[in-house]
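Read the structure below first, then the notes.
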Number of protein chains: 2
Amino acid sequence: MVNLETAIQSTKFKNQKHKAVLNVLYSAWWLKTIMSRELKEVGLTHEQYNVLRILKGKYPEELCVKNIGCRMIEKSSNVPRIIDRLVAKKLVKRSTSPTDKRETVISLTMAGLNILVTATGKTDLLFQNTITISETEAAQLNQLLEKLRENE
Amino acid sequence: MVNLETAIQSTKFKNQKHKAVLNVLYSAWWLKTIMSRELKEVGLTHEQYNVLRILKGKYPEELCVKNIGCRMIEKSSNVPRIIDRLVAKKLVKRSTSPTDKRETVISLTMAGLNILVTATGKTDLLFQNTITISETEAAQLNQLLEKLRENE
DNA sequence: TACAATTAGATGTATATACACGTAAATTAA
DNA sequence: TTAATTTACGTGTATATACATCTAATTGTA
């Protein structure tokens, strides 16, 4: 158990709100780090995994680049370039939409589906073992995070 | 007010814990985005600002690269390269430690201190206007985030 | 219908992240 | 005191982020 003070070696927070901002940023870095460790074993980055999961959510329906982008957790991700790497690994296929030639539609390959199953198994197990807060606490946390962003 | 479901266009969360993981990641991205917008006006990136703040915390004491690194929110930040850019802008000064020639000690310049004051004023105002949760809620949020990381 | 405005996505650039590796200095051990 | 080990930090590489710009396709409008 590492509290924020220890993690970033600082005790000078203006107030609880200021501490909460740093705490959210640090927690996100920590989550990405432990997830990436698992994903590395199947050769995926966190963002590549995110794109694959978005495609899985609609599978076997295809999604265009724009619709993948607006579902990303990090909105400023450069989706075409992440797709480049997934295409190179043959995990997705790119093709032009017949109805709108501006759109590039992306579909999961079998290899993509398979790697996703393995990766999801790994991250699920990780969360099960590492994140032990109760469902009630998680629900509270969700409520407070949305309160934090209420003026979004 | 934008809830997570709308933000990432998904309603399929395995449970509250799974949703909390995505919620923390999304909230961190959101916080970084709104902060970066302010910092851009003074020509700083989020990470450059973080390094300057760490230096301010010990000012006028100097800090070596390693001690800056272990105080960073994102531990895998490449501190030497962030310092490169701060040196180029004359916001910090680099020199070799006289007591241990392996160490590079970094000190804030007057320009660095000044820009930090402006930047901090901007982010403080931003938080004041945008983040309106109470101190009690923020304290609760801090407690839950540390619970989330309890097996760190 | 023709032309302007908008939209989708590819691409370029600067910065950052994540991680490996190299070099020099300091520390420890033989 | 020399040799091995460790530490601090710079550097290289692949990927990602953040944002601007370009092109082609589509849509809206005169």
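Within each chain, counting starts at residue 1; across the structure tokens, chains are named A, B, ... in the order shown, with ligands numbered 1 upward in that order.
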
Test item: chain A residues at most 6 Å from chain B, counting only C-alpha atoms, as a PyMOL selection string: chain A and resi 1+8-9+16-17+20+24-26+28-29+71+73-74+130-131+133+135+138-139+142+148+150-152

May I have the selected residues written with C-alpha atoms, as a tab-separated table (two decimals), in the first residue's frame?
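Wrote it out as again_0.tsv, contents follow:
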chain	number	residue	atom	x	y	z
A	1	MET	CA	0.00	0.00	0.00
A	8	ILE	CA	5.30	11.47	-5.34
A	9	GLN	CA	7.26	12.44	-2.20
A	16	GLN	CA	-8.12	17.91	-0.63
A	17	LYS	CA	-9.26	18.98	-4.09
A	20	ALA	CA	-7.46	14.62	-5.61
A	24	VAL	CA	-6.33	10.78	-10.16
A	25	LEU	CA	-3.32	11.47	-12.41
A	26	TYR	CA	-1.08	9.16	-10.41
A	28	ALA	CA	-4.18	6.48	-13.97
A	29	TRP	CA	-0.43	6.21	-14.53
A	71	ARG	CA	-14.98	5.79	-28.21
A	73	ILE	CA	-10.60	6.86	-23.53
A	74	GLU	CA	-7.90	9.31	-24.62
A	130	THR	CA	-4.68	-6.46	-7.62
A	131	ILE	CA	-7.78	-4.34	-7.29
A	133	ILE	CA	-12.07	-2.67	-3.49
A	135	GLU	CA	-18.39	-3.13	-5.63
A	138	ALA	CA	-16.16	1.16	-6.73
A	139	ALA	CA	-19.65	2.58	-7.27
A	142	ASN	CA	-17.47	6.26	-9.95
A	148	LEU	CA	-15.18	15.81	-10.24
A	150	GLU	CA	-19.37	17.79	-13.44
A	151	ASN	CA	-18.41	21.04	-15.21
A	152	GLU	CA	-16.89	19.20	-18.15

Which residues, written as an mmCIF file with C-alpha atoms, in the first residue's frame, have at least one atom at most 12 Å from Asn114 in chain A, with only C-alpha atoms (C1' of nucleotides) counted and residues fewer than 2 positions away on the same chain left out?
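Writing the result to part.cif gives the following:
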data_model
loop_
_atom_site.group_PDB
_atom_site.id
_atom_site.type_symbol
_atom_site.label_atom_id
_atom_site.label_comp_id
_atom_site.auth_asym_id
_atom_site.auth_seq_id
_atom_site.Cartn_x
_atom_site.Cartn_y
_atom_site.Cartn_z
ATOM 1 C CA VAL A 42 0.946 -10.590 -26.010
ATOM 2 C CA LEU A 52 -9.217 -3.838 -30.419
ATOM 3 C CA ARG A 53 -11.680 -3.788 -27.510
ATOM 4 C CA LYS A 56 -14.878 -6.248 -30.326
ATOM 5 C CA LYS A 90 -2.612 -8.502 -39.167
ATOM 6 C CA LEU A 91 -4.941 -8.004 -36.204
ATOM 7 C CA VAL A 92 -7.336 -5.756 -38.141
ATOM 8 C CA LEU A 108 -11.146 -7.444 -36.588
ATOM 9 C CA THR A 109 -9.369 -10.480 -38.029
ATOM 10 C CA MET A 110 -9.452 -13.915 -36.390
ATOM 11 C CA ALA A 111 -5.914 -13.268 -35.106
ATOM 12 C CA GLY A 112 -7.186 -9.997 -33.652
ATOM 13 C CA LEU A 116 -7.994 -9.983 -27.583
ATOM 14 C CA VAL A 117 -9.359 -13.009 -25.734
ATOM 15 C CA THR A 118 -5.906 -13.771 -24.318
ATOM 16 C CA ALA A 119 -5.245 -10.136 -23.410
ATOM 17 C CA THR A 120 -8.629 -9.709 -21.744
ATOM 18 C CA GLY A 121 -8.052 -12.876 -19.724
#

Quick check: residues of chain C within 8 Å of chain A, only C-alpha atoms (C1' of nucleotides), returned as a PyMOL selection string. chain C and resi 8-10

Could those residues be written to a file, using N, CA and C atoms (P, O5', C5', C4', C3', O3' and C1' of nucleotides), as a JSON list (two decimals), in the first residue's frame?
[["chain", "number", "residue", "atom", "x", "y", "z"],
["C", 8, "DA", "P", -17.06, 13.12, -40.20],
["C", 8, "DA", "O5'", -15.97, 12.49, -41.16],
["C", 8, "DA", "C5'", -16.36, 11.65, -42.24],
["C", 8, "DA", "C4'", -15.15, 10.91, -42.75],
["C", 8, "DA", "C3'", -14.27, 10.31, -41.64],
["C", 8, "DA", "O3'", -13.94, 8.97, -41.99],
["C", 8, "DA", "C1'", -13.00, 11.85, -42.96],
["C", 9, "DG", "P", -13.05, 8.07, -41.02],
["C", 9, "DG", "O5'", -11.59, 8.39, -41.55],
["C", 9, "DG", "C5'", -11.27, 8.02, -42.88],
["C", 9, "DG", "C4'", -9.91, 8.58, -43.24],
["C", 9, "DG", "C3'", -8.78, 8.20, -42.27],
["C", 9, "DG", "O3'", -7.64, 7.90, -43.01],
["C", 9, "DG", "C1'", -8.77, 10.47, -42.61],
["C", 10, "DA", "P", -6.76, 6.62, -42.74],
["C", 10, "DA", "O5'", -5.39, 7.03, -43.46],
["C", 10, "DA", "C5'", -5.43, 7.47, -44.82],
["C", 10, "DA", "C4'", -4.45, 8.61, -45.02],
["C", 10, "DA", "C3'", -3.05, 8.39, -44.44],
["C", 10, "DA", "O3'", -2.12, 8.57, -45.50],
["C", 10, "DA", "C1'", -3.88, 10.52, -43.82]]

For the strand (DSSP E or B) assignment from backbone DSSP, which residues of range 50-120 of chain A qualify? Please present them as a PyMOL selection string. chain A and resi 63-64+92-96+104-108

For N, CA and C atoms, I'd like the residues from the last selection saved as a PDB file, in the first residue's frame.
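Dumped to selection.pdb:
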ATOM      1  N   LEU A  63     -16.306  -0.733 -37.861  1.00  0.00           N
ATOM      2  CA  LEU A  63     -16.371   0.651 -37.397  1.00  0.00           C
ATOM      3  C   LEU A  63     -15.426   1.503 -38.228  1.00  0.00           C
ATOM      4  N   CYS A  64     -15.830   2.735 -38.514  1.00  0.00           N
ATOM      5  CA  CYS A  64     -14.920   3.625 -39.229  1.00  0.00           C
ATOM      6  C   CYS A  64     -13.985   4.293 -38.222  1.00  0.00           C
ATOM      7  N   VAL A  92      -6.147  -6.404 -37.574  1.00  0.00           N
ATOM      8  CA  VAL A  92      -7.336  -5.756 -38.141  1.00  0.00           C
ATOM      9  C   VAL A  92      -7.138  -5.597 -39.647  1.00  0.00           C
ATOM     10  N   LYS A  93      -8.238  -5.324 -40.333  1.00  0.00           N
ATOM     11  CA  LYS A  93      -8.181  -5.095 -41.773  1.00  0.00           C
ATOM     12  C   LYS A  93      -8.791  -3.734 -42.075  1.00  0.00           C
ATOM     13  N   ARG A  94      -8.147  -3.012 -42.991  1.00  0.00           N
ATOM     14  CA  ARG A  94      -8.614  -1.696 -43.368  1.00  0.00           C
ATOM     15  C   ARG A  94      -9.261  -1.794 -44.742  1.00  0.00           C
ATOM     16  N   SER A  95     -10.441  -1.157 -44.913  1.00  0.00           N
ATOM     17  CA  SER A  95     -10.985  -1.052 -46.269  1.00  0.00           C
ATOM     18  C   SER A  95     -11.835   0.204 -46.392  1.00  0.00           C
ATOM     19  N   THR A  96     -12.018   0.645 -47.608  1.00  0.00           N
ATOM     20  CA  THR A  96     -12.780   1.867 -47.820  1.00  0.00           C
ATOM     21  C   THR A  96     -14.265   1.544 -47.793  1.00  0.00           C
ATOM     22  N   THR A 104     -12.799   5.059 -43.789  1.00  0.00           N
ATOM     23  CA  THR A 104     -12.045   3.819 -43.782  1.00  0.00           C
ATOM     24  C   THR A 104     -12.683   2.934 -42.714  1.00  0.00           C
ATOM     25  N   VAL A 105     -13.161   1.784 -43.114  1.00  0.00           N
ATOM     26  CA  VAL A 105     -13.778   0.910 -42.116  1.00  0.00           C
ATOM     27  C   VAL A 105     -12.788  -0.170 -41.701  1.00  0.00           C
ATOM     28  N   ILE A 106     -12.838  -0.474 -40.411  1.00  0.00           N
ATOM     29  CA  ILE A 106     -11.852  -1.370 -39.821  1.00  0.00           C
ATOM     30  C   ILE A 106     -12.570  -2.618 -39.300  1.00  0.00           C
ATOM     31  N   SER A 107     -12.023  -3.776 -39.615  1.00  0.00           N
ATOM     32  CA  SER A 107     -12.627  -5.010 -39.089  1.00  0.00           C
ATOM     33  C   SER A 107     -11.585  -5.872 -38.403  1.00  0.00           C
ATOM     34  N   LEU A 108     -12.008  -6.527 -37.344  1.00  0.00           N
ATOM     35  CA  LEU A 108     -11.146  -7.444 -36.588  1.00  0.00           C
ATOM     36  C   LEU A 108     -10.880  -8.685 -37.420  1.00  0.00           C
TER      37      LEU A 108
END

Pick out the chain D residues within 12 Å of chain A. Count only C-alpha atoms (C1' of nucleotides). Give them as a PyMOL selection string. chain D and resi 14-19+23-27

When DSSP works through the backbone of this structure, what residues of range 67-99 of chain B end up as alpha helix (DSSP H), shown as number ranges by chain? B: 67-69, 79-88
